[in-house]
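Enquirer: Contents are compact mmCIF, C-alpha atoms; file name protein.txt:
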# COMPACT_ATOMS: atom_id res chain seq x y z
CA MET A 499 7.88 40.06 62.28
CA ARG A 500 5.45 37.19 62.37
CA SER A 501 3.26 38.41 59.49
CA ILE A 502 6.23 38.76 57.13
CA THR A 503 7.33 35.19 57.81
CA ILE A 504 3.84 33.94 56.81
CA GLU A 505 3.66 36.28 53.82
CA ARG A 506 6.65 34.80 52.02
CA PRO A 507 5.53 31.14 51.80
CA VAL A 508 1.94 32.13 50.99
CA GLY A 509 3.21 34.34 48.18
CA TRP A 510 5.36 31.58 46.74
CA LEU A 511 2.52 29.06 47.02
CA ALA A 512 0.31 31.50 45.09
CA VAL A 513 2.94 31.73 42.36
CA ALA A 514 3.25 27.93 42.23
CA ALA A 515 -0.52 27.40 42.05
CA THR A 516 -0.82 30.02 39.30
CA ALA A 517 1.98 28.35 37.35
CA ALA A 518 0.09 25.04 37.63
CA ALA A 519 -3.29 26.57 36.81
CA ALA A 520 -2.19 28.33 33.61
CA PRO A 521 -1.40 25.19 31.52
CA LEU A 522 -4.28 23.25 33.09
CA THR A 523 -6.91 25.87 32.26
CA LEU A 524 -5.50 27.03 28.91
CA VAL A 525 -4.29 23.74 27.42
CA ALA A 526 -5.12 20.58 29.36
CA ALA A 527 -8.82 21.25 30.00
CA PRO A 528 -10.96 20.56 26.93
CA PRO A 529 -13.07 23.30 25.35
CA ASP A 530 -16.79 22.99 25.98
CA ALA A 531 -18.66 21.27 23.15
CA LEU A 532 -21.28 24.02 22.91
CA GLN A 533 -19.37 27.14 23.89
CA GLY A 534 -15.88 26.41 22.60
CA ASP A 535 -12.88 28.11 24.12
CA VAL A 536 -14.87 31.00 25.59
CA GLN A 537 -15.98 28.57 28.32
CA ARG A 538 -12.43 28.85 29.72
CA LEU A 539 -13.56 32.13 31.26
CA MET A 540 -15.07 29.84 33.90
CA TYR A 541 -11.60 29.33 35.37
CA VAL A 542 -11.33 33.01 36.31
CA HIS A 543 -14.98 34.05 36.67
CA VAL A 544 -15.94 31.30 39.14
CA PRO A 545 -12.85 31.52 41.43
CA ALA A 546 -13.23 35.32 41.54
CA ALA A 547 -16.81 34.88 42.76
CA TRP A 548 -15.99 32.11 45.25
CA VAL A 549 -13.02 33.91 46.77
CA ALA A 550 -15.17 37.04 47.04
CA TYR A 551 -17.70 34.97 49.05
CA LEU A 552 -14.81 33.74 51.19
CA ALA A 553 -13.51 37.28 51.72
CA PHE A 554 -16.94 38.47 52.87
CA GLY A 555 -17.10 35.50 55.24
CA VAL A 556 -13.74 36.62 56.66
CA VAL A 557 -15.14 40.17 57.03
CA ALA A 558 -18.04 38.77 59.08
CA VAL A 559 -15.81 36.64 61.32
CA ALA A 560 -13.26 39.41 61.85
CA SER A 561 -16.05 41.93 62.51
CA ALA A 562 -17.57 39.63 65.14
CA GLY A 563 -14.06 39.21 66.59
CA PHE A 564 -13.68 42.97 66.84
CA LEU A 565 -17.08 43.40 68.51
CA LEU A 566 -16.16 40.78 71.11
CA ARG A 567 -12.51 41.71 71.71
CA ARG A 568 -12.31 45.42 70.76
CA ASP A 569 -8.89 44.77 69.29
CA LEU A 570 -8.02 46.71 66.12
CA ARG A 571 -6.15 43.71 64.69
CA TRP A 572 -9.59 42.17 63.99
CA ASP A 573 -10.74 45.43 62.40
CA ARG A 574 -7.74 45.60 60.07
CA ALA A 575 -8.31 41.97 59.03
CA ALA A 576 -11.94 42.84 58.24
CA GLN A 577 -11.01 45.94 56.23
CA ALA A 578 -8.38 44.10 54.17
CA ALA A 579 -10.83 41.26 53.43
CA ALA A 580 -13.60 43.70 52.45
CA GLU A 581 -11.34 45.55 50.01
CA LEU A 582 -10.36 42.23 48.48
CA GLY A 583 -13.97 41.08 48.27
CA VAL A 584 -15.08 44.29 46.55
CA GLY A 585 -12.33 43.96 43.94
CA LEU A 586 -13.08 40.29 43.31
CA THR A 587 -16.84 40.88 43.06
CA ALA A 588 -16.24 43.62 40.49
CA LEU A 589 -13.84 41.32 38.63
CA SER A 590 -16.42 38.52 38.66
CA LEU A 591 -19.08 40.86 37.23
CA VAL A 592 -16.78 42.08 34.44
CA LEU A 593 -15.63 38.57 33.52
CA GLY A 594 -19.23 37.35 33.67
CA SER A 595 -20.25 40.10 31.29
CA LEU A 596 -17.45 39.15 28.87
CA TRP A 597 -18.63 35.54 29.05
CA ALA A 598 -22.31 36.41 28.66
CA ARG A 599 -21.91 38.35 25.40
CA PRO A 600 -20.83 35.40 23.22
CA VAL A 601 -22.90 32.76 25.06
CA TRP A 602 -26.16 34.41 26.17
CA GLY A 603 -26.05 37.07 23.49
CA THR A 604 -25.98 40.06 25.84
CA TRP A 605 -23.54 41.92 28.06
CA TRP A 606 -26.12 42.43 30.79
CA SER A 607 -29.62 41.40 31.77
CA TRP A 608 -31.72 42.16 34.85
CA ASP A 609 -31.38 38.58 36.02
CA PRO A 610 -31.59 37.79 39.77
CA ARG A 611 -27.98 36.56 39.99
CA LEU A 612 -26.63 39.67 38.27
CA VAL A 613 -28.79 42.07 40.27
CA THR A 614 -28.06 40.44 43.65
CA THR A 615 -24.32 40.49 42.83
CA VAL A 616 -24.44 44.22 42.10
CA VAL A 617 -26.29 44.70 45.42
CA LEU A 618 -23.53 42.68 47.14
CA LEU A 619 -20.88 44.91 45.58
CA LEU A 620 -22.69 48.11 46.58
CA VAL A 621 -23.27 46.91 50.16
CA TYR A 622 -19.53 46.29 50.65
CA VAL A 623 -18.61 49.58 48.97
CA GLY A 624 -20.97 51.05 51.58
CA TYR A 625 -19.14 49.08 54.28
CA LEU A 626 -15.85 50.68 53.20
CA GLY A 627 -17.59 54.07 53.21
CA VAL A 628 -18.86 53.57 56.78
CA ARG A 629 -15.23 53.15 57.86
CA GLY A 630 -14.55 56.80 57.04
CA LEU A 631 -17.63 58.48 58.53
CA SER A 632 -15.96 59.66 61.70
CA THR A 633 -12.48 60.83 62.67
CA ASP A 634 -12.63 58.49 65.67
CA ARG A 635 -10.78 55.32 64.69
CA MET A 636 -12.56 53.13 67.26
CA LEU A 637 -16.02 54.49 66.41
CA ASN A 638 -15.43 53.78 62.70
CA ALA A 639 -14.24 50.27 63.50
CA ARG A 640 -17.29 49.59 65.67
CA ARG A 641 -19.81 50.83 63.10
CA ALA A 642 -18.03 48.93 60.32
CA ALA A 643 -18.01 45.75 62.41
CA VAL A 644 -21.80 45.87 62.85
CA VAL A 645 -22.24 46.37 59.08
CA GLY A 646 -19.65 43.66 58.40
CA VAL A 647 -21.58 41.11 60.46
CA LEU A 648 -24.99 41.98 58.95
CA ALA A 649 -23.87 42.34 55.31
CA VAL A 650 -22.75 38.73 54.99
CA VAL A 651 -26.42 37.74 54.61
CA ASN A 652 -25.99 38.87 50.98
CA VAL A 653 -23.61 36.02 50.20
CA PRO A 654 -26.19 33.18 50.47
CA ILE A 655 -28.72 35.39 48.68
CA VAL A 656 -26.33 35.74 45.72
CA HIS A 657 -25.41 32.06 45.73
CA PHE A 658 -28.98 30.75 45.94
CA SER A 659 -30.49 33.43 43.67
CA VAL A 660 -30.26 31.01 40.73
CA VAL A 661 -32.00 28.30 42.76
CA TRP A 662 -34.74 30.39 44.39
CA TRP A 663 -35.70 32.48 41.37
CA ARG A 664 -35.97 31.99 37.63
CA ALA A 665 -32.81 33.28 36.09
CA LEU A 666 -30.88 33.56 32.87
CA HIS A 667 -27.77 32.54 34.77
CA GLN A 668 -27.45 28.77 34.99
CA PRO A 669 -27.73 27.03 38.41
CA PRO A 670 -24.54 25.90 40.23
CA THR A 671 -22.51 23.07 38.71
CA VAL A 672 -20.09 22.34 41.57
CA LEU A 673 -21.47 23.95 44.76
CA ARG A 674 -24.75 22.06 44.78
CA PRO A 675 -26.21 19.03 46.55
CA GLY A 676 -24.62 15.98 44.93
CA GLY A 677 -21.58 17.90 43.76
CA PRO A 678 -20.29 18.22 40.21
CA ALA A 679 -20.72 14.52 39.37
CA GLY A 680 -21.49 14.03 35.70
CA GLU A 681 -21.97 17.72 34.95
CA LEU A 682 -18.34 18.61 34.33
CA PRO A 683 -15.54 16.59 32.68
CA VAL A 684 -12.86 15.64 35.22
CA LEU A 685 -10.14 17.73 33.56
CA MET A 686 -12.38 20.82 33.69
CA LEU A 687 -12.99 20.20 37.40
CA VAL A 688 -9.26 19.74 38.08
CA ALA A 689 -8.48 22.97 36.18
CA LEU A 690 -11.21 24.83 38.07
CA LEU A 691 -10.03 23.62 41.49
CA THR A 692 -6.40 24.50 40.67
CA ALA A 693 -7.47 27.97 39.54
CA LEU A 694 -9.47 28.24 42.77
CA ALA A 695 -6.37 27.36 44.81
CA ALA A 696 -4.36 29.98 42.89
CA PHE A 697 -6.99 32.67 43.48
CA THR A 698 -7.33 31.76 47.17
CA LEU A 699 -3.56 31.83 47.79
CA ALA A 700 -3.07 35.04 45.82
CA ALA A 701 -5.92 36.62 47.79
CA ALA A 702 -4.43 35.40 51.10
CA SER A 703 -1.08 36.87 50.11
CA VAL A 704 -2.60 40.28 49.27
CA TRP A 705 -4.69 40.14 52.47
CA LEU A 706 -1.63 39.53 54.71
CA ARG A 707 0.34 42.35 53.06
CA ARG A 708 -2.58 44.74 53.33
CA ILE A 709 -3.03 43.94 57.04
CA ARG A 710 0.66 44.71 57.63
CA ILE A 711 0.33 48.07 55.81
CA LEU A 712 -2.85 48.96 57.73
CA ALA A 713 -1.11 48.14 61.03
CA ALA A 714 1.82 50.38 60.07
CA THR A 715 -0.62 53.19 59.18
CA ASP A 716 -2.35 52.84 62.55
CA ARG A 717 1.04 52.97 64.31
CA ASP A 718 2.01 56.12 62.41
CA ARG A 719 -1.24 57.79 63.43
CA GLY A 720 -0.65 57.00 67.08
CA VAL A 721 -3.50 54.50 67.39
CA PRO A 722 -2.85 52.16 70.36
CA PRO A 723 -0.60 49.31 69.19
CA ALA A 724 -1.95 45.90 68.25
CA GLY A 725 -3.20 43.99 71.25
CA ALA A 726 -3.95 47.05 73.36
CA ALA A 727 -7.65 46.87 74.00
CA GLU A 728 -9.84 49.88 74.63
CA PRO A 729 -10.17 50.75 78.33
CA ALA A 730 -12.87 48.53 79.80
CA VAL A 731 -14.71 51.47 81.37
CA PRO A 732 -14.37 54.40 78.92
CA GLU A 733 -16.54 56.65 81.12
CA LEU A 734 -13.65 56.96 83.59
CA ILE A 735 -11.44 58.81 81.11
CA VAL A 736 -11.30 62.34 82.49
CA THR A 737 -9.61 64.19 79.65
CA PRO A 738 -11.11 63.51 76.24
CA ARG A 739 -8.72 63.13 73.33
CA PRO A 740 -8.58 66.29 71.19
CA GLU A 741 -9.90 64.59 68.02
CA THR A 742 -13.03 63.08 69.53
CA SER A 743 -16.07 65.29 69.21
CA GLY A 744 -17.01 64.71 72.82
CA ARG A 745 -19.03 61.69 71.82
CA GLN A 746 -19.08 58.78 74.26
CA PRO A 747 -18.22 55.45 72.64
CA MET B 551 -20.70 44.24 83.65
CA ASN B 552 -22.07 41.16 82.03
CA ARG B 553 -21.33 41.44 78.34
CA LEU B 554 -24.71 40.10 77.25
CA ALA B 555 -26.55 42.55 79.47
CA SER B 556 -24.82 45.61 78.04
CA PRO B 557 -26.97 47.93 75.92
CA ARG B 558 -24.58 47.43 73.01
CA ALA B 559 -25.01 43.65 73.04
CA ARG B 560 -28.76 43.98 73.26
CA LEU B 561 -28.70 46.43 70.35
CA ALA B 562 -26.67 43.91 68.35
CA VAL B 563 -29.17 41.13 69.10
CA VAL B 564 -32.09 43.37 68.07
CA GLY B 565 -30.19 44.40 64.94
CA VAL B 566 -29.50 40.83 63.88
CA ALA B 567 -33.10 39.80 64.56
CA LEU B 568 -34.40 42.78 62.58
CA ALA B 569 -32.09 41.98 59.67
CA GLY B 570 -33.27 38.37 59.75
CA VAL B 571 -36.94 39.35 59.67
CA LEU B 572 -36.36 41.91 56.90
CA GLY B 573 -34.37 39.35 54.92
CA THR B 574 -37.11 36.72 55.24
CA VAL B 575 -39.81 39.19 54.22
CA ALA B 576 -37.71 40.41 51.30
CA VAL B 577 -36.98 36.88 50.05
CA SER B 578 -40.59 35.68 50.35
CA GLY B 579 -41.93 38.90 48.82
CA LEU B 580 -39.45 38.85 45.98
CA SER B 581 -40.26 35.22 45.19
CA ASP B 582 -43.69 36.34 44.04
CA SER B 583 -42.86 39.58 42.29
CA LEU B 584 -39.31 39.07 41.10
CA VAL B 585 -39.93 36.79 38.17
CA TYR B 586 -37.28 37.12 35.51
CA TYR B 587 -39.31 35.32 32.85
CA ARG B 588 -42.70 33.65 32.50
CA THR B 589 -43.23 30.14 31.26
CA PRO B 590 -45.26 29.16 28.16
CA SER B 591 -47.97 27.69 30.45
CA GLU B 592 -48.29 30.94 32.40
CA VAL B 593 -48.34 33.10 29.28
CA GLN B 594 -51.09 30.98 27.71
CA ALA B 595 -53.15 30.79 30.89
CA GLN B 596 -52.94 34.55 31.45
CA PRO B 597 -52.11 36.31 28.17
CA THR B 598 -50.87 39.84 28.82
CA HIS B 599 -50.74 42.45 26.11
CA GLY B 600 -47.78 44.39 27.41
CA ARG B 601 -44.15 43.52 27.01
CA VAL B 602 -43.24 40.15 28.52
CA ARG B 603 -40.17 38.02 28.93
CA LEU B 604 -40.81 34.40 28.04
CA GLY B 605 -38.46 31.52 28.86
CA GLY B 606 -38.43 27.86 27.93
CA MET B 607 -36.71 25.20 25.87
CA VAL B 608 -36.34 25.59 22.12
CA GLU B 609 -38.24 22.55 20.85
CA SER B 610 -36.13 20.22 18.73
CA GLY B 611 -37.00 20.34 15.05
CA SER B 612 -39.04 23.52 15.40
CA VAL B 613 -36.48 26.10 14.24
CA VAL B 614 -37.18 27.50 10.75
CA ARG B 615 -35.94 30.65 9.11
CA VAL B 616 -38.45 32.39 6.86
CA GLY B 617 -36.79 35.35 5.18
CA ALA B 618 -35.46 37.56 7.95
CA THR B 619 -37.65 35.94 10.59
CA LEU B 620 -36.59 33.06 12.79
CA ARG B 621 -39.52 30.93 13.93
CA PHE B 622 -39.41 28.30 16.67
CA LEU B 623 -41.45 26.83 19.50
CA LEU B 624 -40.64 27.59 23.13
CA THR B 625 -41.86 24.86 25.44
CA ASP B 626 -41.99 24.11 29.15
CA GLY B 627 -43.00 20.50 28.56
CA ALA B 628 -46.70 21.20 29.05
CA HIS B 629 -47.37 24.05 26.63
CA ASP B 630 -45.69 25.47 23.50
CA VAL B 631 -45.62 29.07 22.37
CA PRO B 632 -44.72 29.85 18.74
CA VAL B 633 -42.08 32.58 18.62
CA ALA B 634 -41.23 34.86 15.70
CA PHE B 635 -37.94 36.65 16.10
CA ALA B 636 -36.86 39.23 13.52
CA GLY B 637 -33.19 39.75 14.04
CA ARG B 638 -29.80 38.16 14.12
CA THR B 639 -29.30 35.39 16.62
CA THR B 640 -26.41 35.93 18.97
CA GLY B 641 -25.05 33.67 21.65
CA ILE B 642 -25.07 29.91 21.29
CA PHE B 643 -28.71 29.61 20.22
CA ARG B 644 -29.72 26.10 19.24
CA GLU B 645 -32.52 23.55 19.50
CA GLY B 646 -33.01 21.53 22.65
CA GLN B 647 -31.55 24.30 24.78
CA GLY B 648 -33.04 27.06 26.89
CA ALA B 649 -33.88 30.49 25.50
CA VAL B 650 -35.43 33.65 26.89
CA VAL B 651 -37.22 36.04 24.52
CA GLU B 652 -38.56 39.54 25.09
CA GLY B 653 -41.52 40.96 23.18
CA THR B 654 -45.29 40.81 22.97
CA LEU B 655 -47.90 38.11 22.47
CA ASP B 656 -50.38 38.79 19.64
CA THR B 657 -54.06 37.79 19.69
CA ALA B 658 -53.32 34.67 17.64
CA GLY B 659 -50.99 33.46 20.38
CA VAL B 660 -47.76 34.12 18.46
CA PHE B 661 -44.97 35.72 20.44
CA HIS B 662 -43.18 38.51 18.52
CA ALA B 663 -39.72 38.81 20.02
CA ASP B 664 -37.20 41.59 19.54
CA THR B 665 -34.62 40.16 21.95
CA LEU B 666 -33.36 36.60 22.04
CA LEU B 667 -31.15 35.40 24.88
CA VAL B 668 -29.65 31.95 25.30
CA LYS B 669 -30.03 30.16 28.63
CA HIS B 670 -27.44 27.45 28.74
CA SER B 671 -27.49 24.59 31.23
CA ASN B 672 -25.06 23.99 34.09
CA GLU B 673 -23.65 21.02 32.20
CA TYR B 674 -20.32 21.16 30.37
CA VAL B 675 -19.24 18.63 27.77
CA ASP B 676 -15.76 17.78 26.52
CA GLY B 677 -15.66 19.37 23.07
CA ARG B 678 -12.30 17.90 22.12
CA GLY B 679 -12.37 15.42 19.25
CA LYS B 680 -15.68 16.80 18.07
CA THR B 681 -15.85 19.49 15.45
CA TYR B 682 -16.85 22.68 17.13
CA HIS B 683 -19.17 24.83 15.02
CA PRO B 684 -19.58 28.39 16.13
CA PRO B 685 -23.27 29.35 16.22
CA THR B 686 -24.49 30.45 12.80
CA PRO B 687 -26.84 33.43 12.41
CA ALA B 688 -29.52 31.11 11.03
CA GLY B 689 -29.50 28.87 14.05
CA ALA B 690 -28.85 25.15 14.23
CA ALA B 691 -31.66 24.09 11.93
CA ALA B 692 -30.88 26.42 9.06
CA PRO B 693 -31.51 24.71 5.72
Written as structure tokens, that's how I'd like the structure from this file.
Expert:
Amino acid sequence: MRSITIERPVGWLAVAATAAAAPLTLVAAPPDALQGDVQRLMYVHVPAAWVAYLAFGVVAVASAGFLLRRDLRWDRAAQAAAELGVGLTALSLVLGSLWARPVWGTWWSWDPRLVTTVVLLLVYVGYLGVRGLSTDRMLNARRAAVVGVLAVVNVPIVHFSVVWWRALHQPPTVLRPGGPAGELPVLMLVALLTALAAFTLAAASVWLRRIRILAATDRDRGVPPAGAAEPAVPELIVTPRPETSGRQP
Amino acid sequence: MNRLASPRARLAVVGVALAGVLGTVAVSGLSDSLVYYRTPSEVQAQPTHGRVRLGGMVESGSVVRVGATLRFLLTDGAHDVPVAFAGRTTGIFREGQGAVVEGTLDTAGVFHADTLLVKHSNEYVDGRGKTYHPPTPAGAAAP
């Protein structure tokens, strides 16, 4: 199968990038002059957040793809990316909390970045919930796709929260106009980018595997196979399927 | 049927437009009301007697510990507010760096804080080759 042939190299690349990131982040990168070694949490906290943004971007694109094509392959891609994004957002919050305690002096504060990130997490938990509201696979996919397209507006809100509003969280160091020049020693930047590559590849690997499992689940449940679009004119179906509650799509 | 003319497509367009309007209203509304901390200038221009969160830079040379109380000046460049904090400092509190305090302003203009949070900058510095001192409870300017 095509997906398995992509899965293998992506998985190995993730392993290689992780093997490169570990010595770079733990040994080669210097400790921060003010924060000491605890600053190394940056190399997991920041990639977790960035790859979560990326995952939610993928949800939006795949959701739009589903709305245009009505092909469940897009829907499965969106679901897998949303699950990944939820996990990474939660991870980013936990790691951020662990970092905040020794540096800010608190585990949590009602700061705009923290609050908007929790909202982001809850919105995508809601997205996953919407997927299970009906027993009609296509209806769930359609509703989820609409939410998946709209919910992505949260990503720029989270990212720019530290720019738009006064916050305890510091403003961006790398993803800002002018880039990271002068704000981050080169070795720290190299370590961060390698860790980012490792997170991205590991996420891509998990995403591909999850899509394959979701496709197998759909096949087992008798959902039309990948590529089979919904009939163009559903009103012409004379006999409704037993599971549908008589509701017209 | 033309895809753009279908009720579903029109609903999607209306939905996106509605979300955009709601988002804009929310962002512009929040900008006024969602203020995590107030600046020394704002607090001095409009002293409030309830609990406030005050943020600024810890003025260099202003940190003194008197008994159990840590005293320092929080500044935004234009105005300074004297802060008295009775408690242990946590985080990487030091002079010349941001801090956010929670508490009340008394009639003499002194801010009595019960919470002290450190706001560090987005700048990171190579700490190798320098001696790294973990933050002491007395702060950087402890005698």
Enquirer: Just give me the gap between CA of Thr619 in chain B and CA of Glu652 in chain B in Å, one decimal is fine.
Expert: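 Answer for the CA of Thr619 in chain B to CA of Glu652 in chain B separation: 15.0 Å.
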Enquirer: Sort by chain and increasing residue number a table of all residues of chain A within 7 Å of chain B, each with its closest pair of atoms and their distance in Å to one decimal, counting all atoms listed in the file, and write it as CSV.
Expert:
residue,atom,partner,partner_atom,distance
A:Pro528,CA,B:Asp676,CA,5.6
A:Pro529,CA,B:Gly677,CA,5.2
A:Asp530,CA,B:Gly677,CA,4.8
A:Ala531,CA,B:Gly677,CA,3.6
A:Gln533,CA,B:Ile642,CA,6.9
A:Gly534,CA,B:Tyr682,CA,6.7
A:Arg599,CA,B:Gly641,CA,6.8
A:Pro600,CA,B:Gly641,CA,4.8
A:Val601,CA,B:Gly641,CA,4.1
A:Trp602,CA,B:Val668,CA,4.4
A:Gly603,CA,B:Gly641,CA,4.0
A:Asp609,CA,B:Tyr586,CA,6.1
A:Leu648,CA,B:Val566,CA,6.8
A:Trp663,CA,B:Ser581,CA,6.5
A:Arg664,CA,B:Tyr586,CA,5.7
A:Ala665,CA,B:Tyr586,CA,5.9
A:Leu666,CA,B:Lys669,CA,5.5
A:His667,CA,B:Lys669,CA,7.0
A:Gln668,CA,B:Asn672,CA,5.4
A:Pro669,CA,B:Asn672,CA,5.9
A:Pro670,CA,B:Asn672,CA,6.5
A:Thr671,CA,B:Asn672,CA,5.4
A:Glu681,CA,B:Glu673,CA,4.6
A:Leu682,CA,B:Tyr674,CA,5.1
A:Pro683,CA,B:Asp676,CA,6.3
Enquirer: Which of these, A:Arg538, A:His543, A:Arg568, A:Arg506, has the shortest distance to Leu694 in chain A once you count all atoms listed in the file?
Expert: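 Using all atoms listed in the file, the shortest distance to Leu694 in chain A belongs to A:His543.
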Enquirer: Just how far from CA of Ala696 in chain A is CA of Thr516 in chain A, in Å to one decimal?
Expert: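 Going from CA of Thr516 in chain A over to CA of Ala696 in chain A covers 5.0 Å.
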Enquirer: Kindly provide, as a PyMOL selection string, the polymer residues lying within 12 Å of (-25.0, 44.0, 43.2), counting all atoms listed in the file and using the coordinates exactly as they appear in the file.
Expert: chain A and resi 584+587-588+590-591+608-624+652-653+655-656+659
Enquirer: If I take CA of Leu565 in chain A and CA of Ala547 in chain A, how far is one from the other in Å, to one decimal?
Expert: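 Separation of CA of Leu565 in chain A and CA of Ala547 in chain A: 27.1 Å.
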Enquirer: Could you tell me which of B:Asp664, B:Thr574, B:Ala567, B:Thr625 comes closest to Val651 in chain B if we count all atoms listed in the file?
Expert: B:Asp664
Enquirer: Pick from A:Ala562, A:Val645, A:Ile711, A:Ile504: nearest to Ala578 in chain A, with all atoms listed in the file counted?
Expert: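 Of A:Ala562, A:Val645, A:Ile711, A:Ile504, the one nearest Ala578 in chain A, counting all atoms listed in the file, is A:Ile711.
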Enquirer: I want to know what sits within 12 Å of Asp656 in chain B, based on only C-alpha atoms, with residues of the same chain fewer than 6 positions away left out; could you give that as a ChimeraX atom specification?
Expert: /B:593-594,597-602,631-634,662-663
Enquirer: A:Gly677, A:Pro654, A:Pro507, A:Gly627: which is nearest Ala642 in chain A, counting all atoms listed in the file?
Expert: A:Gly627
Enquirer: Between A:Gly646, A:Gly585, A:Gly676, A:Gly594, which has the minimum distance to Gly563 in chain A (counting only C-alpha atoms)?
Expert: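 Of the candidates, the smallest distance to Gly563 in chain A is held by A:Gly646.
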